[in-house]
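Q: My questions will all concern the structure given below.
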Amino acid sequence: MTSHFERLMGRLLGVGVTVSTLLLASGLVLTFAGRAEASDRLLHAGLIVLMATPVTRVVLACAEFTRSRDWLFAAASLGVLGVLAMTAWIAMTGG
Amino acid sequence: MSIGAILAVMALGSVGGLLGALLGLGGGVFVVPFLSLFIGLSFREAAAIGLMTVIATSSVVSAQRSADGVINVRLGIVLEIATTLGGLAGGLTAVTLSHRTLSILFGVVALGIAAVMFRQIDRRTSLADPEPVTGWLGGQYYSPDHGSLVGYRVKRLPLALGMSFLAGNVSGLLGIGGGILKVPTLNAWCGVPLRVAAATSSLMLGVTAVASVPIYYAAGDVIPQFAAAAVIGVMIGSRVGFLVGDRLRARWLKLLLAMILLAVAILMLVRA
């Protein structure tokens, strides 16, 4: 695992959480401005970006392990993504 | 929903972010009981916001730590299989339990965590001898105590996996990160240096929370305005934490936290 990869991972996490915060902050401002519909859309977008941030980090790790032919860890990343996919599926189907 | 309540939740989130930056905790263990006791949210609503703040704290702290070379991404991904399975199981269980049962569980777990914190306050972290052979999960990191790159080897992997599953389970069930369970185990039993254990655990918290929080989200337990306020708070608190850094005496901070946690645990149990 190169330190280049770690910096990329760090940047991804930082950008994800910053974008999410900006969406959430705008949504919160609009709530108090009485713009319910627009604020709802921004707030939910912010929450979804927040939840997607760690998932994207695992996808990035999986890609990096595959690129460096580190099959064991690529498989481990796929395992983690499998569990997260199961969570998303259960959440969406209301299981 | 009043501006006062939003500001109170933002303040709570900033305490969570501050703890994350200073101690590598998710902060959920402080956010959840205060939301439940003082803002009047149901336990599941409080846990859902706790998990959102854990994701934010984990992301912002890992973004900061990624330049230090102390995160062990390989060890993290292996242990994340266990934490996400635990988180999913916890999230599914939480939906079926009553407010009262969850509050009692939280009280018991918080008492346990406070006990761990009290025990650790004066303990010197074990500085293992450098390992020349680091194995498939080990690695090297820069140790200020040795003044050089030091190798380490991960021991007792089944124990680390078991504790990670438990930490994930507690996270999904109670809305906390669970780092306080993993870090001492990794450091004391599995040969992982404290700085590496804390940074790697911190990275894992976000993925662990994502294994359960979508279930809360789909069930309508996430109140978006409060979640937004808490996440904004985390961003402010963690910035302050990075700025203050090592100037704060960690010993007093830990003692204060352990005492607050003890009080909160007792209050949760009494209310339930």
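Within each chain, counting starts at residue 1; across the structure tokens, chains are named A, B, ... in the order shown, with ligands numbered 1 upward in that order.
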Quick one: which residues from chain A are at most 7 Å off chain B, using only C-alpha atoms, as a ChimeraX atom specification?
A: /A:3,6-7,10-11,13-14,17,21,24-25,28,43-44,51,54-55,73,76-77,79-80,83-84,87-88,91-92
Q: Counting only C-alpha atoms, what is within 7 Å of stretch 14-19 of chain B, bar same-chain residues fewer than 4 positions away, as a list in words?
A: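 Once the adjacent positions are removed, what remains is Met10, Leu23, Gly24, Leu25, Gly26, Gly27, Gly28, Phe30, Val31, Thr57, Gly233, Val234, Met235, Ile236, Gly237, Ser238, Val240 and Gly241 of chain B.
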Q: At a cut-off of 8 Å, using only C-alpha atoms, what residues contact A:Gly46? Leave out same-chain residues fewer than 3 positions from it and give the result as a ChimeraX atom specification.
A: /A:19-24,42-43,49-50
Q: In Å, how far is it from atom CA of B:Ile176 to atom CA of B:Ile260?
A: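 Going from atom CA of B:Ile176 over to atom CA of B:Ile260, I get 15.7 Å.
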Q: Enter the distance from atom CA of B:Leu105 to atom CA of B:Val264, in Å, rounded to one decimal.
A: 12.8 Å
Q: So which residues touch B:Val170 within 9 Å, counting only C-alpha atoms, skipping near sequence neighbours fewer than 4 positions away, as a VMD selection string?
A: chain B and resid 86 to 87 90 106 109 165 to 166 174 to 178
Q: Would you save the residues from that selection as an mmCIF file, in the first residue's frame, using C-alpha atoms?
A:
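Final file, again_37.cif:
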```cif
data_model
loop_
_atom_site.group_PDB
_atom_site.id
_atom_site.type_symbol
_atom_site.label_atom_id
_atom_site.label_comp_id
_atom_site.auth_asym_id
_atom_site.auth_seq_id
_atom_site.Cartn_x
_atom_site.Cartn_y
_atom_site.Cartn_z
ATOM 1 C CA GLY B 86 -21.843 -6.879 13.480
ATOM 2 C CA GLY B 87 -23.250 -3.477 12.467
ATOM 3 C CA GLY B 90 -27.145 -4.597 15.375
ATOM 4 C CA PHE B 106 -26.888 1.712 26.459
ATOM 5 C CA VAL B 109 -22.452 -0.579 27.789
ATOM 6 C CA PHE B 165 -17.759 -7.979 15.437
ATOM 7 C CA LEU B 166 -18.832 -7.054 18.963
ATOM 8 C CA LEU B 174 -26.723 1.871 20.095
ATOM 9 C CA GLY B 175 -25.515 4.446 17.551
ATOM 10 C CA ILE B 176 -21.957 4.716 18.827
ATOM 11 C CA GLY B 177 -18.665 4.046 17.019
ATOM 12 C CA GLY B 178 -17.308 1.231 19.161
#
```
Q: Would you pick out the contacts of B:Ala265 at 9 Å or less, using only C-alpha atoms, so that residues sharing its chain but fewer than 6 positions from it are not included, and give the list as a list in words?
A: Pro33, Ile104, Phe106, Gly107, Val108, Val109, Ala110, Leu111 and Ala114 of chain B
Q: Store the residues picked out above, limited to N, CA and C atoms, as a PDB file, in the first residue's frame.
A:
```
ATOM      1  N   PRO B  33     -26.739   9.764  24.267  1.00  0.00           N
ATOM      2  CA  PRO B  33     -27.498   9.946  25.499  1.00  0.00           C
ATOM      3  C   PRO B  33     -28.011  11.367  25.683  1.00  0.00           C
ATOM      4  N   ILE B 104     -31.609   0.776  28.507  1.00  0.00           N
ATOM      5  CA  ILE B 104     -30.937  -0.031  29.532  1.00  0.00           C
ATOM      6  C   ILE B 104     -29.629  -0.596  28.965  1.00  0.00           C
ATOM      7  N   PHE B 106     -27.849   0.614  26.585  1.00  0.00           N
ATOM      8  CA  PHE B 106     -26.888   1.712  26.459  1.00  0.00           C
ATOM      9  C   PHE B 106     -26.233   2.004  27.805  1.00  0.00           C
ATOM     10  N   GLY B 107     -27.071   2.073  28.854  1.00  0.00           N
ATOM     11  CA  GLY B 107     -26.552   2.355  30.188  1.00  0.00           C
ATOM     12  C   GLY B 107     -25.496   1.344  30.603  1.00  0.00           C
ATOM     13  N   VAL B 108     -25.781   0.070  30.345  1.00  0.00           N
ATOM     14  CA  VAL B 108     -24.852  -0.994  30.745  1.00  0.00           C
ATOM     15  C   VAL B 108     -23.544  -0.876  29.960  1.00  0.00           C
ATOM     16  N   VAL B 109     -23.658  -0.685  28.625  1.00  0.00           N
ATOM     17  CA  VAL B 109     -22.452  -0.579  27.789  1.00  0.00           C
ATOM     18  C   VAL B 109     -21.642   0.660  28.193  1.00  0.00           C
ATOM     19  N   ALA B 110     -22.335   1.787  28.449  1.00  0.00           N
ATOM     20  CA  ALA B 110     -21.637   3.021  28.818  1.00  0.00           C
ATOM     21  C   ALA B 110     -20.903   2.861  30.151  1.00  0.00           C
ATOM     22  N   LEU B 111     -21.519   2.118  31.084  1.00  0.00           N
ATOM     23  CA  LEU B 111     -20.834   1.841  32.360  1.00  0.00           C
ATOM     24  C   LEU B 111     -19.550   1.064  32.105  1.00  0.00           C
ATOM     25  N   ALA B 114     -16.965   3.354  30.596  1.00  0.00           N
ATOM     26  CA  ALA B 114     -16.408   4.253  31.623  1.00  0.00           C
ATOM     27  C   ALA B 114     -15.376   3.509  32.456  1.00  0.00           C
TER      28      ALA B 114
END
```
Q: Would you please work out which residue, of B:Gly50, B:Gly220, B:Gly135, B:Pro158, is nearest to B:Cys190 when using only C-alpha atoms?
A: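 Smallest separation from B:Cys190 among the options: B:Pro158.
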Q: Could you give me, as a PyMOL selection string, each residue of stretch 16-216 of chain B that DSSP assigns to alpha helix (DSSP H) when run on this structure's backbone?
A: chain B and resi 16-23+28-34+43-65+73-94+99-120+157-174+179-188+194-210+213-216
Q: Write the residues of the preceding selection, restricted to C-alpha atoms, as a compact mmCIF listing (two decimals), in the first residue's frame.
A:
```txt
# COMPACT_ATOMS: atom_id res chain seq x y z
CA GLY B 16 -18.24 14.68 19.31
CA GLY B 17 -15.91 16.09 16.65
CA LEU B 18 -13.54 17.46 19.29
CA LEU B 19 -13.30 14.03 20.96
CA GLY B 20 -12.73 12.43 17.58
CA ALA B 21 -9.85 14.76 16.75
CA LEU B 22 -8.23 14.55 20.19
CA LEU B 23 -8.81 10.93 21.23
CA GLY B 28 -21.43 8.83 19.42
CA VAL B 29 -21.27 7.62 22.99
CA PHE B 30 -21.72 11.23 24.15
CA VAL B 31 -24.05 12.47 21.43
CA VAL B 32 -26.65 9.68 21.78
CA PRO B 33 -27.50 9.95 25.50
CA PHE B 34 -27.71 13.75 25.43
CA PHE B 43 -33.63 6.14 21.43
CA ARG B 44 -33.63 5.07 17.78
CA GLU B 45 -33.78 8.67 16.54
CA ALA B 46 -30.84 9.53 18.82
CA ALA B 47 -28.86 6.47 17.67
CA ALA B 48 -29.46 7.34 14.01
CA ILE B 49 -27.98 10.81 14.51
CA GLY B 50 -25.17 9.28 16.57
CA LEU B 51 -24.27 7.08 13.58
CA MET B 52 -24.31 10.06 11.19
CA THR B 53 -21.90 11.97 13.45
CA VAL B 54 -19.70 8.85 13.65
CA ILE B 55 -19.42 8.78 9.83
CA ALA B 56 -18.55 12.48 9.73
CA THR B 57 -15.98 12.18 12.55
CA SER B 58 -14.37 9.09 11.03
CA SER B 59 -14.08 10.72 7.59
CA VAL B 60 -12.70 14.05 8.78
CA VAL B 61 -10.21 12.48 11.24
CA SER B 62 -9.00 9.90 8.68
CA ALA B 63 -8.59 12.62 6.06
CA GLN B 64 -6.31 14.41 8.53
CA ARG B 65 -4.39 11.29 9.65
CA VAL B 73 -5.57 0.00 5.53
CA ARG B 74 -5.00 -3.78 5.14
CA LEU B 75 -5.71 -4.57 8.77
CA GLY B 76 -8.68 -2.18 8.60
CA ILE B 77 -10.30 -3.87 5.63
CA VAL B 78 -9.94 -7.37 7.17
CA LEU B 79 -11.46 -6.24 10.48
CA GLU B 80 -14.19 -4.29 8.64
CA ILE B 81 -15.66 -7.60 7.42
CA ALA B 82 -16.37 -8.35 11.08
CA THR B 83 -17.49 -4.84 12.09
CA THR B 84 -19.91 -4.48 9.15
CA LEU B 85 -21.49 -7.91 9.83
CA GLY B 86 -21.84 -6.88 13.48
CA GLY B 87 -23.25 -3.48 12.47
CA LEU B 88 -25.84 -5.00 10.14
CA ALA B 89 -26.95 -7.45 12.85
CA GLY B 90 -27.15 -4.60 15.38
CA GLY B 91 -29.17 -2.35 13.04
CA LEU B 92 -31.67 -5.14 12.37
CA THR B 93 -31.98 -5.92 16.10
CA ALA B 94 -32.42 -2.26 17.08
CA HIS B 99 -36.97 2.41 23.74
CA ARG B 100 -36.64 1.11 27.29
CA THR B 101 -34.62 -1.99 26.41
CA LEU B 102 -32.25 0.06 24.23
CA SER B 103 -31.79 2.67 26.98
CA ILE B 104 -30.94 -0.03 29.53
CA LEU B 105 -28.49 -1.66 27.09
CA PHE B 106 -26.89 1.71 26.46
CA GLY B 107 -26.55 2.36 30.19
CA VAL B 108 -24.85 -0.99 30.75
CA VAL B 109 -22.45 -0.58 27.79
CA ALA B 110 -21.64 3.02 28.82
CA LEU B 111 -20.83 1.84 32.36
CA GLY B 112 -18.46 -0.75 30.89
CA ILE B 113 -16.79 1.85 28.67
CA ALA B 114 -16.41 4.25 31.62
CA ALA B 115 -14.73 1.43 33.57
CA VAL B 116 -12.30 0.81 30.68
CA MET B 117 -11.50 4.54 30.52
CA PHE B 118 -10.86 4.82 34.27
CA ARG B 119 -8.49 1.84 34.10
CA GLN B 120 -6.55 3.26 31.16
CA LEU B 157 -6.22 -12.13 14.69
CA PRO B 158 -9.29 -14.21 15.77
CA LEU B 159 -9.50 -12.13 18.96
CA ALA B 160 -9.28 -8.89 16.95
CA LEU B 161 -12.01 -10.16 14.58
CA GLY B 162 -14.25 -11.21 17.48
CA MET B 163 -13.89 -7.87 19.23
CA SER B 164 -14.50 -6.06 15.93
CA PHE B 165 -17.76 -7.98 15.44
CA LEU B 166 -18.83 -7.05 18.96
CA ALA B 167 -17.87 -3.40 18.42
CA GLY B 168 -19.85 -3.34 15.16
CA ASN B 169 -22.81 -4.91 16.88
CA VAL B 170 -22.82 -2.35 19.68
CA SER B 171 -22.42 0.39 17.06
CA GLY B 172 -25.46 -0.67 15.01
CA LEU B 173 -27.56 -1.25 18.10
CA LEU B 174 -26.72 1.87 20.10
CA GLY B 179 -13.68 2.37 18.85
CA ILE B 180 -13.28 2.29 22.61
CA LEU B 181 -13.71 -1.52 22.46
CA LYS B 182 -11.32 -2.11 19.54
CA VAL B 183 -8.39 0.20 20.35
CA PRO B 184 -7.45 -1.29 23.78
CA THR B 185 -7.80 -4.84 22.40
CA LEU B 186 -5.63 -4.16 19.35
CA ASN B 187 -2.99 -2.43 21.47
CA ALA B 188 -2.85 -4.67 24.54
CA LEU B 194 -1.44 2.60 20.01
CA ARG B 195 -1.14 5.30 17.34
CA VAL B 196 -1.76 2.75 14.59
CA ALA B 197 -4.62 1.11 16.52
CA ALA B 198 -6.37 4.47 17.11
CA ALA B 199 -5.96 5.70 13.52
CA THR B 200 -7.02 2.38 11.97
CA SER B 201 -10.01 2.07 14.30
CA SER B 202 -11.01 5.63 13.47
CA LEU B 203 -10.98 4.78 9.74
CA MET B 204 -13.13 1.69 10.36
CA LEU B 205 -15.84 3.59 12.26
CA GLY B 206 -17.33 5.17 9.14
CA VAL B 207 -17.76 1.91 7.24
CA THR B 208 -19.11 0.25 10.39
CA ALA B 209 -21.78 2.95 10.80
CA VAL B 210 -22.77 2.65 7.12
CA VAL B 213 -27.50 3.58 9.42
CA PRO B 214 -29.34 2.98 6.08
CA ILE B 215 -31.76 0.74 8.02
CA TYR B 216 -32.51 3.63 10.40
```
Q: Let me make sure I understand: among A:Val59, A:Leu81, A:Ser26, A:Thr53, which one has the smallest atom-to-atom distance to A:Asp40 if we use only C-alpha atoms?
A: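 Using only C-alpha atoms, A:Asp40 sits closest to A:Ser26.
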Q: How would you write, as number ranges by chain, the set of residues in stretch 55-208 of chain B that DSSP gives as strand (DSSP E or B)?
A: B: 139-143, 148-152
Q: So how far away is atom CA of A:Phe5 from atom CA of A:Ile48, in Å?
A: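 It comes out at 24.6 Å.
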